[in-house]
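Asker: Sharing a structure below in structure tokens format, with a few things to ask.
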Amino acid sequence: HTTVTPANEETAKGLDQVYGGMEQMVSGFFDTWTLFVINPPFPDAESVYQLADQGDHWQLSYKEKDTDVTTILDKKSVVRDLRVSTSEFTSSIQPQFTSTSQGFLLAGYQADYTGKSPSDKTHLQVRITYQEVNGLQLPKDLNLGGSYGGVPFQVEVAFSGCRATKT
């Protein structure tokens, strides 16, 4: 983002809050995006987990330290819901994928996050468009909408000047 020089301390505090919120939103997006695009959202094959056939879907359950994770996969092994529960929060992410010549690509997701307090609840809907950068599909535009603590929000984020290096 472009940094604006504030006229006074009150404006500086307001801008810090806006910039902090945007950085938290973009960082949270990339945490989720990486989970479905870069790293597989599954435990190590050698770890302890339970995989149960639920008729029309698979349910994969496991723990990571103090975190309970449940992943719902359709019968083609596509993730339909990822639920995470800790003593601090619960979350549920329902990814939507688009099929490409190289496999599935995250097109968006819906998510619900609930903290300890009822006012600490976020509902999020994200749509992603992509751009090719050095042969890789990277986010170009994000459309994020939803509510935080019951207050609705709508944000659009555009990425430009992106670079990627294959290693």
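Convention: chains lettered A, B, ... in structure tokens order; per-chain residue numbering from 1; ligands numbered from 1 as shown.
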Show which residues sit within 8 Å of stretch 71-83 of chain A, as a PyMOL selection string. Count only C-alpha atoms, and ignore same-chain residues fewer than 3 positions away.

Answerer: chain A and resi 56-61+90-96

Asker: Just N, CA, C and O atoms for this one: save the residues we selected as a PDB file, in the first residue's frame.

Answerer:
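Okay, again-v1.pdb is ready:
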ATOM      1  N   ASP A  56     -21.195 -40.379   1.288  1.00  0.00           N
ATOM      2  CA  ASP A  56     -21.001 -39.469   0.157  1.00  0.00           C
ATOM      3  C   ASP A  56     -19.734 -38.624   0.279  1.00  0.00           C
ATOM      4  O   ASP A  56     -19.446 -37.809  -0.588  1.00  0.00           O
ATOM      5  N   HIS A  57     -18.979 -38.788   1.384  1.00  0.00           N
ATOM      6  CA  HIS A  57     -17.738 -38.041   1.553  1.00  0.00           C
ATOM      7  C   HIS A  57     -16.810 -38.776   2.522  1.00  0.00           C
ATOM      8  O   HIS A  57     -17.195 -39.729   3.174  1.00  0.00           O
ATOM      9  N   TRP A  58     -15.569 -38.275   2.570  1.00  0.00           N
ATOM     10  CA  TRP A  58     -14.570 -38.780   3.510  1.00  0.00           C
ATOM     11  C   TRP A  58     -14.422 -37.763   4.624  1.00  0.00           C
ATOM     12  O   TRP A  58     -14.517 -36.549   4.395  1.00  0.00           O
ATOM     13  N   GLN A  59     -14.159 -38.243   5.839  1.00  0.00           N
ATOM     14  CA  GLN A  59     -13.862 -37.352   6.949  1.00  0.00           C
ATOM     15  C   GLN A  59     -12.491 -37.710   7.502  1.00  0.00           C
ATOM     16  O   GLN A  59     -12.265 -38.834   7.957  1.00  0.00           O
ATOM     17  N   LEU A  60     -11.587 -36.750   7.429  1.00  0.00           N
ATOM     18  CA  LEU A  60     -10.223 -36.910   7.909  1.00  0.00           C
ATOM     19  C   LEU A  60     -10.079 -36.096   9.189  1.00  0.00           C
ATOM     20  O   LEU A  60     -10.328 -34.884   9.196  1.00  0.00           O
ATOM     21  N   SER A  61      -9.693 -36.751  10.286  1.00  0.00           N
ATOM     22  CA  SER A  61      -9.557 -36.065  11.581  1.00  0.00           C
ATOM     23  C   SER A  61      -8.172 -36.324  12.162  1.00  0.00           C
ATOM     24  O   SER A  61      -7.669 -37.444  12.073  1.00  0.00           O
ATOM     25  N   THR A  90     -12.743 -21.339  16.914  1.00  0.00           N
ATOM     26  CA  THR A  90     -13.127 -22.382  15.961  1.00  0.00           C
ATOM     27  C   THR A  90     -13.240 -21.716  14.598  1.00  0.00           C
ATOM     28  O   THR A  90     -13.559 -20.527  14.489  1.00  0.00           O
ATOM     29  N   SER A  91     -12.957 -22.486  13.569  1.00  0.00           N
ATOM     30  CA  SER A  91     -13.100 -21.957  12.217  1.00  0.00           C
ATOM     31  C   SER A  91     -13.573 -23.051  11.286  1.00  0.00           C
ATOM     32  O   SER A  91     -13.375 -24.237  11.544  1.00  0.00           O
ATOM     33  N   SER A  92     -14.206 -22.623  10.229  1.00  0.00           N
ATOM     34  CA  SER A  92     -14.655 -23.530   9.178  1.00  0.00           C
ATOM     35  C   SER A  92     -14.435 -22.817   7.854  1.00  0.00           C
ATOM     36  O   SER A  92     -14.865 -21.672   7.683  1.00  0.00           O
ATOM     37  N   ILE A  93     -13.737 -23.477   6.938  1.00  0.00           N
ATOM     38  CA  ILE A  93     -13.437 -22.901   5.626  1.00  0.00           C
ATOM     39  C   ILE A  93     -13.983 -23.841   4.562  1.00  0.00           C
ATOM     40  O   ILE A  93     -13.655 -25.028   4.561  1.00  0.00           O
ATOM     41  N   GLN A  94     -14.822 -23.318   3.676  1.00  0.00           N
ATOM     42  CA  GLN A  94     -15.348 -24.092   2.555  1.00  0.00           C
ATOM     43  C   GLN A  94     -14.747 -23.538   1.260  1.00  0.00           C
ATOM     44  O   GLN A  94     -15.204 -22.525   0.746  1.00  0.00           O
ATOM     45  N   PRO A  95     -13.690 -24.196   0.767  1.00  0.00           N
ATOM     46  CA  PRO A  95     -13.036 -23.707  -0.446  1.00  0.00           C
ATOM     47  C   PRO A  95     -13.844 -24.040  -1.700  1.00  0.00           C
ATOM     48  O   PRO A  95     -14.585 -25.023  -1.732  1.00  0.00           O
ATOM     49  N   GLN A  96     -13.718 -23.196  -2.711  1.00  0.00           N
ATOM     50  CA  GLN A  96     -14.271 -23.459  -4.039  1.00  0.00           C
ATOM     51  C   GLN A  96     -13.089 -23.455  -5.006  1.00  0.00           C
ATOM     52  O   GLN A  96     -12.247 -22.564  -4.957  1.00  0.00           O
TER      53      GLN A  96
END

Asker: Find the residues near stretch 124-136 of chain A: any atom within 8 Å, counting only C-alpha atoms, skip ones fewer than 3 places away on the same chain, and give them as a PDB file with C-alpha atoms, in the first residue's frame.

Answerer:
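Output below, filename around.pdb:
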ATOM      1  CA  LEU A 106      -8.562 -22.057  -5.372  1.00  0.00           C
ATOM      2  CA  ALA A 107     -11.188 -19.705  -6.828  1.00  0.00           C
ATOM      3  CA  GLY A 108     -12.557 -18.511  -3.503  1.00  0.00           C
ATOM      4  CA  TYR A 109     -13.862 -19.617  -0.163  1.00  0.00           C
ATOM      5  CA  GLN A 110     -16.377 -18.972   2.557  1.00  0.00           C
ATOM      6  CA  ALA A 111     -15.188 -19.012   6.134  1.00  0.00           C
ATOM      7  CA  ASP A 112     -16.498 -18.562   9.647  1.00  0.00           C
ATOM      8  CA  PRO A 139      -3.654 -13.685  -7.088  1.00  0.00           C
ATOM      9  CA  LYS A 140      -4.479 -10.597  -9.126  1.00  0.00           C
ATOM     10  CA  ASP A 141      -7.661  -9.364  -7.436  1.00  0.00           C
ATOM     11  CA  LEU A 142      -9.417 -10.286  -4.219  1.00  0.00           C
ATOM     12  CA  ASN A 143     -12.995  -9.496  -3.394  1.00  0.00           C
ATOM     13  CA  LEU A 144     -13.517  -9.918   0.341  1.00  0.00           C
ATOM     14  CA  GLY A 145     -16.885  -9.396   1.968  1.00  0.00           C
ATOM     15  CA  GLY A 146     -18.643 -10.452   5.094  1.00  0.00           C
ATOM     16  CA  SER A 147     -19.030  -9.281   8.650  1.00  0.00           C
ATOM     17  CA  CYS A 162       4.134  -9.064  -8.750  1.00  0.00           C
ATOM     18  CA  ARG A 163       7.292 -11.120  -9.199  1.00  0.00           C
ATOM     19  CA  ALA A 164       7.893 -14.828  -8.665  1.00  0.00           C
ATOM     20  CA  THR A 165      10.997 -16.973  -8.809  1.00  0.00           C
ATOM     21  CA  LYS A 166      10.886 -20.724  -9.300  1.00  0.00           C
TER      22      LYS A 166
END

Asker: Which of these, A:Ser160, A:Thr34, A:Gln24, A:Thr70, has the shortest distance to A:Leu105 once you count only C-alpha atoms?

Answerer: A:Thr34

Asker: If DSSP is run on the backbone, what residues of stretch 19-101 of chain A are strand (DSSP E or B)? A reply as number ranges by chain would be ideal.

Answerer: A: 49-53, 57-64, 67-74, 79-85, 90-100

Asker: Could you find all residues in chain A that DSSP calls alpha helix (DSSP H) from the backbone, and write them as a PDB file with N, CA, C and O atoms, in the first residue's frame?

Answerer:
ATOM      1  N   GLU A   9      -1.546  13.691  14.973  1.00  0.00           N
ATOM      2  CA  GLU A   9      -1.454  12.407  15.677  1.00  0.00           C
ATOM      3  C   GLU A   9      -2.757  11.603  15.578  1.00  0.00           C
ATOM      4  O   GLU A   9      -2.724  10.387  15.462  1.00  0.00           O
ATOM      5  N   GLU A  10      -3.890  12.279  15.608  1.00  0.00           N
ATOM      6  CA  GLU A  10      -5.170  11.573  15.516  1.00  0.00           C
ATOM      7  C   GLU A  10      -5.309  10.892  14.150  1.00  0.00           C
ATOM      8  O   GLU A  10      -5.727   9.745  14.058  1.00  0.00           O
ATOM      9  N   THR A  11      -4.925  11.575  13.099  1.00  0.00           N
ATOM     10  CA  THR A  11      -4.948  11.000  11.758  1.00  0.00           C
ATOM     11  C   THR A  11      -3.962   9.849  11.667  1.00  0.00           C
ATOM     12  O   THR A  11      -4.253   8.809  11.066  1.00  0.00           O
ATOM     13  N   ALA A  12      -2.793   9.996  12.289  1.00  0.00           N
ATOM     14  CA  ALA A  12      -1.776   8.930  12.281  1.00  0.00           C
ATOM     15  C   ALA A  12      -2.328   7.664  12.924  1.00  0.00           C
ATOM     16  O   ALA A  12      -2.130   6.557  12.416  1.00  0.00           O
ATOM     17  N   LYS A  13      -3.027   7.811  14.057  1.00  0.00           N
ATOM     18  CA  LYS A  13      -3.611   6.651  14.728  1.00  0.00           C
ATOM     19  C   LYS A  13      -4.659   5.981  13.844  1.00  0.00           C
ATOM     20  O   LYS A  13      -4.728   4.764  13.760  1.00  0.00           O
ATOM     21  N   GLY A  14      -5.485   6.786  13.190  1.00  0.00           N
ATOM     22  CA  GLY A  14      -6.500   6.240  12.279  1.00  0.00           C
ATOM     23  C   GLY A  14      -5.875   5.489  11.116  1.00  0.00           C
ATOM     24  O   GLY A  14      -6.321   4.397  10.755  1.00  0.00           O
ATOM     25  N   LEU A  15      -4.841   6.072  10.524  1.00  0.00           N
ATOM     26  CA  LEU A  15      -4.155   5.408   9.407  1.00  0.00           C
ATOM     27  C   LEU A  15      -3.472   4.128   9.864  1.00  0.00           C
ATOM     28  O   LEU A  15      -3.504   3.120   9.156  1.00  0.00           O
ATOM     29  N   ASP A  16      -2.861   4.151  11.057  1.00  0.00           N
ATOM     30  CA  ASP A  16      -2.244   2.933  11.588  1.00  0.00           C
ATOM     31  C   ASP A  16      -3.273   1.824  11.736  1.00  0.00           C
ATOM     32  O   ASP A  16      -2.996   0.663  11.449  1.00  0.00           O
ATOM     33  N   GLN A  17      -4.467   2.172  12.178  1.00  0.00           N
ATOM     34  CA  GLN A  17      -5.529   1.180  12.335  1.00  0.00           C
ATOM     35  C   GLN A  17      -5.960   0.629  10.972  1.00  0.00           C
ATOM     36  O   GLN A  17      -6.118  -0.584  10.806  1.00  0.00           O
ATOM     37  N   VAL A  18      -6.105   1.492   9.989  1.00  0.00           N
ATOM     38  CA  VAL A  18      -6.496   1.056   8.643  1.00  0.00           C
ATOM     39  C   VAL A  18      -5.411   0.169   8.045  1.00  0.00           C
ATOM     40  O   VAL A  18      -5.683  -0.919   7.538  1.00  0.00           O
ATOM     41  N   TYR A  19      -4.150   0.628   8.107  1.00  0.00           N
ATOM     42  CA  TYR A  19      -3.057  -0.155   7.547  1.00  0.00           C
ATOM     43  C   TYR A  19      -2.914  -1.493   8.263  1.00  0.00           C
ATOM     44  O   TYR A  19      -2.703  -2.536   7.639  1.00  0.00           O
ATOM     45  N   GLY A  20      -3.038  -1.484   9.585  1.00  0.00           N
ATOM     46  CA  GLY A  20      -2.943  -2.724  10.354  1.00  0.00           C
ATOM     47  C   GLY A  20      -4.052  -3.700   9.977  1.00  0.00           C
ATOM     48  O   GLY A  20      -3.807  -4.898   9.826  1.00  0.00           O
ATOM     49  N   GLY A  21      -5.259  -3.195   9.801  1.00  0.00           N
ATOM     50  CA  GLY A  21      -6.379  -4.054   9.398  1.00  0.00           C
ATOM     51  C   GLY A  21      -6.173  -4.643   8.017  1.00  0.00           C
ATOM     52  O   GLY A  21      -6.441  -5.826   7.779  1.00  0.00           O
ATOM     53  N   MET A  22      -5.684  -3.819   7.092  1.00  0.00           N
ATOM     54  CA  MET A  22      -5.428  -4.320   5.732  1.00  0.00           C
ATOM     55  C   MET A  22      -4.330  -5.369   5.740  1.00  0.00           C
ATOM     56  O   MET A  22      -4.443  -6.403   5.091  1.00  0.00           O
ATOM     57  N   GLU A  23      -3.252  -5.122   6.482  1.00  0.00           N
ATOM     58  CA  GLU A  23      -2.153  -6.089   6.545  1.00  0.00           C
ATOM     59  C   GLU A  23      -2.615  -7.395   7.183  1.00  0.00           C
ATOM     60  O   GLU A  23      -2.253  -8.472   6.725  1.00  0.00           O
ATOM     61  N   GLN A  24      -3.447  -7.302   8.214  1.00  0.00           N
ATOM     62  CA  GLN A  24      -3.983  -8.513   8.847  1.00  0.00           C
ATOM     63  C   GLN A  24      -4.879  -9.275   7.881  1.00  0.00           C
ATOM     64  O   GLN A  24      -4.808 -10.501   7.781  1.00  0.00           O
ATOM     65  N   MET A  25      -5.705  -8.563   7.111  1.00  0.00           N
ATOM     66  CA  MET A  25      -6.604  -9.203   6.158  1.00  0.00           C
ATOM     67  C   MET A  25      -5.808  -9.901   5.047  1.00  0.00           C
ATOM     68  O   MET A  25      -6.084 -11.058   4.710  1.00  0.00           O
ATOM     69  N   VAL A  26      -4.826  -9.228   4.496  1.00  0.00           N
ATOM     70  CA  VAL A  26      -4.034  -9.812   3.409  1.00  0.00           C
ATOM     71  C   VAL A  26      -3.198 -10.979   3.930  1.00  0.00           C
ATOM     72  O   VAL A  26      -3.100 -12.029   3.287  1.00  0.00           O
ATOM     73  N   SER A  27      -2.620 -10.827   5.112  1.00  0.00           N
ATOM     74  CA  SER A  27      -1.845 -11.916   5.707  1.00  0.00           C
ATOM     75  C   SER A  27      -2.733 -13.136   5.958  1.00  0.00           C
ATOM     76  O   SER A  27      -2.347 -14.272   5.662  1.00  0.00           O
ATOM     77  N   GLY A  28      -3.933 -12.912   6.498  1.00  0.00           N
ATOM     78  CA  GLY A  28      -4.878 -14.011   6.726  1.00  0.00           C
ATOM     79  C   GLY A  28      -5.278 -14.678   5.425  1.00  0.00           C
ATOM     80  O   GLY A  28      -5.388 -15.907   5.345  1.00  0.00           O
ATOM     81  N   PHE A  29      -5.490 -13.873   4.376  1.00  0.00           N
ATOM     82  CA  PHE A  29      -5.816 -14.452   3.071  1.00  0.00           C
ATOM     83  C   PHE A  29      -4.688 -15.366   2.611  1.00  0.00           C
ATOM     84  O   PHE A  29      -4.926 -16.502   2.192  1.00  0.00           O
ATOM     85  N   PHE A  30      -3.442 -14.889   2.668  1.00  0.00           N
ATOM     86  CA  PHE A  30      -2.335 -15.712   2.176  1.00  0.00           C
ATOM     87  C   PHE A  30      -2.115 -16.959   3.019  1.00  0.00           C
ATOM     88  O   PHE A  30      -1.700 -17.989   2.501  1.00  0.00           O
ATOM     89  N   ASP A  31      -2.410 -16.899   4.325  1.00  0.00           N
ATOM     90  CA  ASP A  31      -2.355 -18.114   5.138  1.00  0.00           C
ATOM     91  C   ASP A  31      -3.319 -19.159   4.605  1.00  0.00           C
ATOM     92  O   ASP A  31      -2.975 -20.338   4.479  1.00  0.00           O
ATOM     93  N   THR A  32      -4.535 -18.738   4.287  1.00  0.00           N
ATOM     94  CA  THR A  32      -5.550 -19.661   3.753  1.00  0.00           C
ATOM     95  C   THR A  32      -5.190 -20.090   2.338  1.00  0.00           C
ATOM     96  O   THR A  32      -5.257 -21.271   1.994  1.00  0.00           O
ATOM     97  N   TRP A  33      -4.806 -19.155   1.495  1.00  0.00           N
ATOM     98  CA  TRP A  33      -4.474 -19.446   0.099  1.00  0.00           C
ATOM     99  C   TRP A  33      -3.338 -20.464   0.026  1.00  0.00           C
ATOM    100  O   TRP A  33      -3.405 -21.430  -0.736  1.00  0.00           O
ATOM    101  N   THR A  34      -2.293 -20.254   0.834  1.00  0.00           N
ATOM    102  CA  THR A  34      -1.143 -21.163   0.840  1.00  0.00           C
ATOM    103  C   THR A  34      -1.564 -22.577   1.208  1.00  0.00           C
ATOM    104  O   THR A  34      -1.066 -23.550   0.639  1.00  0.00           O
ATOM    105  N   LEU A  35      -2.502 -22.680   2.129  1.00  0.00           N
ATOM    106  CA  LEU A  35      -2.976 -23.989   2.579  1.00  0.00           C
ATOM    107  C   LEU A  35      -3.597 -24.797   1.436  1.00  0.00           C
ATOM    108  O   LEU A  35      -3.469 -26.017   1.394  1.00  0.00           O
ATOM    109  N   PHE A  36      -4.233 -24.134   0.489  1.00  0.00           N
ATOM    110  CA  PHE A  36      -4.908 -24.846  -0.592  1.00  0.00           C
ATOM    111  C   PHE A  36      -4.159 -24.800  -1.927  1.00  0.00           C
ATOM    112  O   PHE A  36      -4.502 -25.537  -2.841  1.00  0.00           O
ATOM    113  N   VAL A  37      -3.157 -23.927  -2.043  1.00  0.00           N
ATOM    114  CA  VAL A  37      -2.459 -23.782  -3.329  1.00  0.00           C
ATOM    115  C   VAL A  37      -1.002 -24.236  -3.247  1.00  0.00           C
ATOM    116  O   VAL A  37      -0.499 -24.869  -4.173  1.00  0.00           O
TER     117      VAL A  37
END

Asker: Between A:Thr122, A:Lys116, A:Thr167, A:Phe104, which one has atoms that come closest to A:Phe153, using only C-alpha atoms?

Answerer: A:Thr122

Asker: Compile the contact shell of A:Ser117 as a count of residues only: residues with an atom at most 10 Å away, counting only C-alpha atoms, same-chain residues fewer than 5 positions apart removed.

Answerer: 3

Asker: Quick one: pull the distance between atom CA of A:Gln54 and atom CA of A:Thr114, Å, one decimal.

Answerer: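 That distance, rounded to one decimal, is 26.2 Å.
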
Asker: Using only C-alpha atoms, which of the listed residues (A:Gly161, A:His123, A:Asp53, A:Gln137) sits closest to A:Ser101?

Answerer: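 Smallest distance to A:Ser101 is found for A:Gln137.
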